[in-house]
file input.tsv (TSV, C-alpha atoms)
chain	number	residue	atom	x	y	z
A	29	MET	CA	-22.65	-5.69	-6.67
A	30	TRP	CA	-18.94	-4.87	-6.46
A	31	PHE	CA	-18.15	-8.60	-6.60
A	32	TRP	CA	-19.97	-9.06	-9.93
A	33	LEU	CA	-18.32	-5.97	-11.39
A	34	ALA	CA	-14.90	-7.24	-10.26
A	35	LEU	CA	-15.66	-10.64	-11.77
A	36	GLY	CA	-16.70	-8.92	-14.99
A	37	SER	CA	-13.42	-7.05	-14.92
A	38	ALA	CA	-11.53	-10.34	-14.65
A	39	VAL	CA	-13.46	-11.88	-17.54
A	40	PHE	CA	-12.92	-8.84	-19.76
A	41	ALA	CA	-9.24	-8.70	-18.77
A	42	ALA	CA	-8.89	-12.34	-19.83
A	43	LEU	CA	-10.57	-11.56	-23.15
A	44	THR	CA	-8.27	-8.55	-23.52
A	45	SER	CA	-5.22	-10.78	-23.28
A	46	ILE	CA	-6.43	-13.31	-25.82
A	47	LEU	CA	-7.80	-10.74	-28.27
A	48	ALA	CA	-4.63	-8.64	-27.96
A	49	LYS	CA	-2.34	-11.61	-28.57
A	50	ILE	CA	-4.23	-12.40	-31.77
A	51	GLY	CA	-4.50	-8.76	-32.86
A	52	ILE	CA	-0.91	-7.74	-32.17
A	53	GLU	CA	0.50	-10.14	-34.74
A	54	GLY	CA	2.43	-8.08	-37.26
A	55	VAL	CA	1.67	-4.80	-35.46
A	56	GLY	CA	4.17	-2.81	-33.39
A	57	SER	CA	3.37	-3.04	-29.69
A	58	ASN	CA	3.33	0.75	-29.22
A	59	LEU	CA	0.96	1.21	-32.17
A	60	ALA	CA	-1.27	-1.58	-30.85
A	61	THR	CA	-1.33	0.08	-27.42
A	62	ALA	CA	-2.25	3.44	-28.99
A	63	ILE	CA	-5.12	1.88	-30.94
A	64	ARG	CA	-6.40	0.10	-27.83
A	65	THR	CA	-6.12	3.32	-25.85
A	66	MET	CA	-8.12	5.28	-28.43
A	67	VAL	CA	-10.92	2.73	-28.17
A	68	VAL	CA	-10.84	2.91	-24.37
A	69	VAL	CA	-10.92	6.73	-24.42
A	70	VAL	CA	-13.92	6.83	-26.75
A	71	MET	CA	-15.73	4.16	-24.74
A	72	ALA	CA	-15.06	5.97	-21.44
A	73	TRP	CA	-16.33	9.33	-22.76
A	74	VAL	CA	-19.42	7.68	-24.25
A	75	MET	CA	-20.18	6.27	-20.77
A	76	VAL	CA	-19.66	9.72	-19.20
A	77	PHE	CA	-22.25	11.21	-21.55
A	78	ILE	CA	-24.66	8.26	-21.30
A	79	THR	CA	-24.65	8.61	-17.49
A	80	ASN	CA	-24.77	12.42	-17.73
A	81	GLN	CA	-21.65	12.94	-15.58
A	82	GLN	CA	-19.89	15.46	-17.84
A	83	ALA	CA	-20.91	18.43	-15.63
A	84	GLY	CA	-18.91	16.94	-12.74
A	85	ILE	CA	-15.59	17.72	-14.43
A	86	LYS	CA	-15.61	21.25	-12.97
A	87	ASP	CA	-15.95	19.86	-9.43
A	88	ILE	CA	-12.82	17.71	-9.51
A	89	SER	CA	-10.29	18.84	-6.92
A	90	GLN	CA	-6.67	19.61	-7.74
A	91	LYS	CA	-5.56	16.61	-5.66
A	92	SER	CA	-7.90	14.33	-7.61
A	93	TRP	CA	-6.59	15.72	-10.91
A	94	VAL	CA	-3.00	15.02	-9.88
A	95	PHE	CA	-3.69	11.46	-8.76
A	96	LEU	CA	-5.94	10.66	-11.74
A	97	ILE	CA	-3.22	11.91	-14.10
A	98	LEU	CA	-0.59	9.86	-12.25
A	99	SER	CA	-2.90	6.83	-12.42
A	100	GLY	CA	-3.28	7.41	-16.16
A	101	LEU	CA	0.48	7.55	-16.60
A	102	ALA	CA	0.86	4.32	-14.62
A	103	THR	CA	-1.86	2.70	-16.75
A	104	GLY	CA	-0.12	3.81	-19.93
A	105	ALA	CA	3.23	2.47	-18.76
A	106	SER	CA	1.58	-0.79	-17.73
A	107	TRP	CA	-0.12	-1.18	-21.10
A	108	LEU	CA	3.06	-0.41	-23.04
A	109	CYS	CA	5.00	-3.00	-21.04
A	110	TYR	CA	2.16	-5.50	-21.25
A	111	TYR	CA	1.73	-5.28	-25.02
A	112	LYS	CA	5.48	-5.57	-25.64
A	113	ALA	CA	5.69	-8.58	-23.31
A	114	LEU	CA	2.62	-10.13	-24.94
A	115	GLN	CA	4.14	-9.61	-28.38
A	116	MET	CA	7.38	-11.29	-27.31
A	117	GLY	CA	6.08	-14.05	-25.04
A	118	ASP	CA	3.29	-16.57	-24.63
A	119	ALA	CA	0.03	-15.18	-23.24
A	120	SER	CA	-0.05	-18.12	-20.82
A	121	LYS	CA	3.21	-16.87	-19.28
A	122	VAL	CA	2.84	-13.09	-19.63
A	123	VAL	CA	-0.61	-12.89	-18.04
A	124	PRO	CA	0.24	-14.66	-14.76
A	125	ILE	CA	3.24	-12.39	-14.27
A	126	ASP	CA	1.04	-9.37	-15.02
A	127	LYS	CA	-1.38	-10.59	-12.36
A	128	LEU	CA	1.35	-10.27	-9.74
A	129	SER	CA	-0.11	-6.77	-9.67
A	130	VAL	CA	-2.58	-8.24	-7.16
A	131	VAL	CA	0.23	-8.96	-4.71
A	132	ILE	CA	1.91	-5.62	-5.35
A	133	THR	CA	-1.42	-3.81	-4.90
A	134	LEU	CA	-2.03	-5.51	-1.55
A	135	VAL	CA	1.40	-4.48	-0.30
A	136	LEU	CA	1.02	-0.90	-1.57
A	137	ALA	CA	-2.49	-0.65	-0.07
A	138	PHE	CA	-1.06	-1.72	3.28
A	139	VAL	CA	1.86	0.74	3.12
A	140	PHE	CA	0.18	3.81	1.60
A	141	LEU	CA	-3.54	3.40	2.32
A	142	HIS	CA	-3.09	1.71	5.71
A	143	GLU	CA	-5.47	-1.07	4.72
A	144	GLU	CA	-5.51	-4.16	6.87
A	145	PHE	CA	-3.02	-6.91	6.03
A	146	THR	CA	-4.44	-10.09	7.51
A	147	VAL	CA	-3.22	-13.66	7.73
A	148	LYS	CA	-5.58	-14.41	4.82
A	149	SER	CA	-3.97	-11.60	2.80
A	150	VAL	CA	-0.49	-12.96	3.43
A	151	ILE	CA	-1.53	-16.50	2.53
A	152	GLY	CA	-3.25	-15.20	-0.61
A	153	CYS	CA	-0.13	-13.27	-1.63
A	154	VAL	CA	2.07	-16.30	-1.09
A	155	LEU	CA	-0.29	-18.54	-3.06
A	156	ILE	CA	-0.55	-16.07	-5.95
A	157	GLY	CA	3.24	-15.73	-6.01
A	158	ALA	CA	3.73	-19.49	-5.88
A	159	GLY	CA	1.07	-20.03	-8.56
A	160	THR	CA	2.75	-17.50	-10.81
A	161	LEU	CA	6.09	-19.22	-10.40
A	162	LEU	CA	4.56	-22.61	-11.20
A	163	MET	CA	2.95	-21.25	-14.36
A	164	VAL	CA	6.01	-19.53	-15.79
A	165	ILE	CA	8.74	-22.02	-14.93

call {"tool": "encode", "arguments": {"input": "input.tsv", "output": "C-alpha cells"}}
result
Amino acid sequence: MWFWLALGSAVFAALTSILAKIGIEGVGSNLATAIRTMVVVVMAWVMVFITNQQAGIKDISQKSWVFLILSGLATGASWLCYYKALQMGDASKVVPIDKLSVVITLVLAFVFLHEEFTVKSVIGCVLIGAGTLLMVI
C-alpha cells in the first residue's frame, strides 16, 4: 500500500509543479505560496475531521510537537524557495533540482536515523545526481 501512496504522491507533486507554473504567472511567489498553503491547511484539517483523529491532538508528545513544527518550518522554507525558483525558471529545470531532495534525504536518513546505506542506495544517488545534471545543463 505504501508504494501506491508514494506513487500517488509523485503524480500529485508533478501536477503541483505544472499547475503552479501556470497559476503563478503575474502573482508574487510569496503570495502564491500563501494561497497554496491555505488550501493545504484546509484540506489537511478536513481529512483530520473526516477520519475522526481530532481527539488525538491532546496525546501528542512535546518531542513530536517540536519536530512537527520544525518540519513545518522546513516545508514552508522549501515551498517559498520552490515557488520563487519556479517563477524565475523553467519547470523542466526547477523540478529536477528540487528532486535532489531524494539524494539529500537518503544521506540525512543515514546520518541521523541510522538507516542502511546500501550499494543500491549509492548507485541510486549517483544516478539521480547525474540525471539532474543532464536535465539542467

call {"tool": "closest_residue", "arguments": {"input": "input.tsv", "among": "A:Lys148, A:Lys49, A:His142, A:Lys121", "to": "Leu162 in chain A", "atoms": "all atoms listed in the file"}}
result
A:Lys121

call {"tool": "residues_near_point", "arguments": {"input": "input.tsv", "point": "(0.4, -13.3, -5.4)", "cutoff": "12 Å", "atoms": "all atoms listed in the file", "output": "PyMOL selection string"}}
result
chain A and resi 124-135+148-162

call {"tool": "write_last_selection", "arguments": {"input": "input.tsv", "atoms": "C-alpha atoms", "output": "PDB file, keeping the file's coordinate frame"}}
result
ATOM      1  CA  PRO A 124       0.240 -14.660 -14.760  1.00  0.00           C
ATOM      2  CA  ILE A 125       3.240 -12.390 -14.270  1.00  0.00           C
ATOM      3  CA  ASP A 126       1.040  -9.370 -15.020  1.00  0.00           C
ATOM      4  CA  LYS A 127      -1.380 -10.590 -12.360  1.00  0.00           C
ATOM      5  CA  LEU A 128       1.350 -10.270  -9.740  1.00  0.00           C
ATOM      6  CA  SER A 129      -0.110  -6.770  -9.670  1.00  0.00           C
ATOM      7  CA  VAL A 130      -2.580  -8.240  -7.160  1.00  0.00           C
ATOM      8  CA  VAL A 131       0.230  -8.960  -4.710  1.00  0.00           C
ATOM      9  CA  ILE A 132       1.910  -5.620  -5.350  1.00  0.00           C
ATOM     10  CA  THR A 133      -1.420  -3.810  -4.900  1.00  0.00           C
ATOM     11  CA  LEU A 134      -2.030  -5.510  -1.550  1.00  0.00           C
ATOM     12  CA  VAL A 135       1.400  -4.480  -0.300  1.00  0.00           C
ATOM     13  CA  LYS A 148      -5.580 -14.410   4.820  1.00  0.00           C
ATOM     14  CA  SER A 149      -3.970 -11.600   2.800  1.00  0.00           C
ATOM     15  CA  VAL A 150      -0.490 -12.960   3.430  1.00  0.00           C
ATOM     16  CA  ILE A 151      -1.530 -16.500   2.530  1.00  0.00           C
ATOM     17  CA  GLY A 152      -3.250 -15.200  -0.610  1.00  0.00           C
ATOM     18  CA  CYS A 153      -0.130 -13.270  -1.630  1.00  0.00           C
ATOM     19  CA  VAL A 154       2.070 -16.300  -1.090  1.00  0.00           C
ATOM     20  CA  LEU A 155      -0.290 -18.540  -3.060  1.00  0.00           C
ATOM     21  CA  ILE A 156      -0.550 -16.070  -5.950  1.00  0.00           C
ATOM     22  CA  GLY A 157       3.240 -15.730  -6.010  1.00  0.00           C
ATOM     23  CA  ALA A 158       3.730 -19.490  -5.880  1.00  0.00           C
ATOM     24  CA  GLY A 159       1.070 -20.030  -8.560  1.00  0.00           C
ATOM     25  CA  THR A 160       2.750 -17.500 -10.810  1.00  0.00           C
ATOM     26  CA  LEU A 161       6.090 -19.220 -10.400  1.00  0.00           C
ATOM     27  CA  LEU A 162       4.560 -22.610 -11.200  1.00  0.00           C
TER      28      LEU A 162
END

call {"tool": "atom_distance", "arguments": {"input": "input.tsv", "atom1": "CA of Ala48 in chain A", "atom2": "CA of Gly104 in chain A"}}
result
15.5 Å

call {"tool": "residues_around", "arguments": {"input": "input.tsv", "residues": "Tyr111 in chain A", "least_positions_apart": "6", "cutoff": "10 Å", "atoms": "all atoms listed in the file", "output": "list in words"}}
result
Ser45, Ala48, Lys49, Ile52, Gly56, Ser57, Asn58, Leu59, Ala60, Thr61, Gly117 and Val122 of chain A

call {"tool": "atom_distance", "arguments": {"input": "input.tsv", "atom1": "CA of Phe140 in chain A", "atom2": "CA of Ser99 in chain A"}}
result
14.7 Å
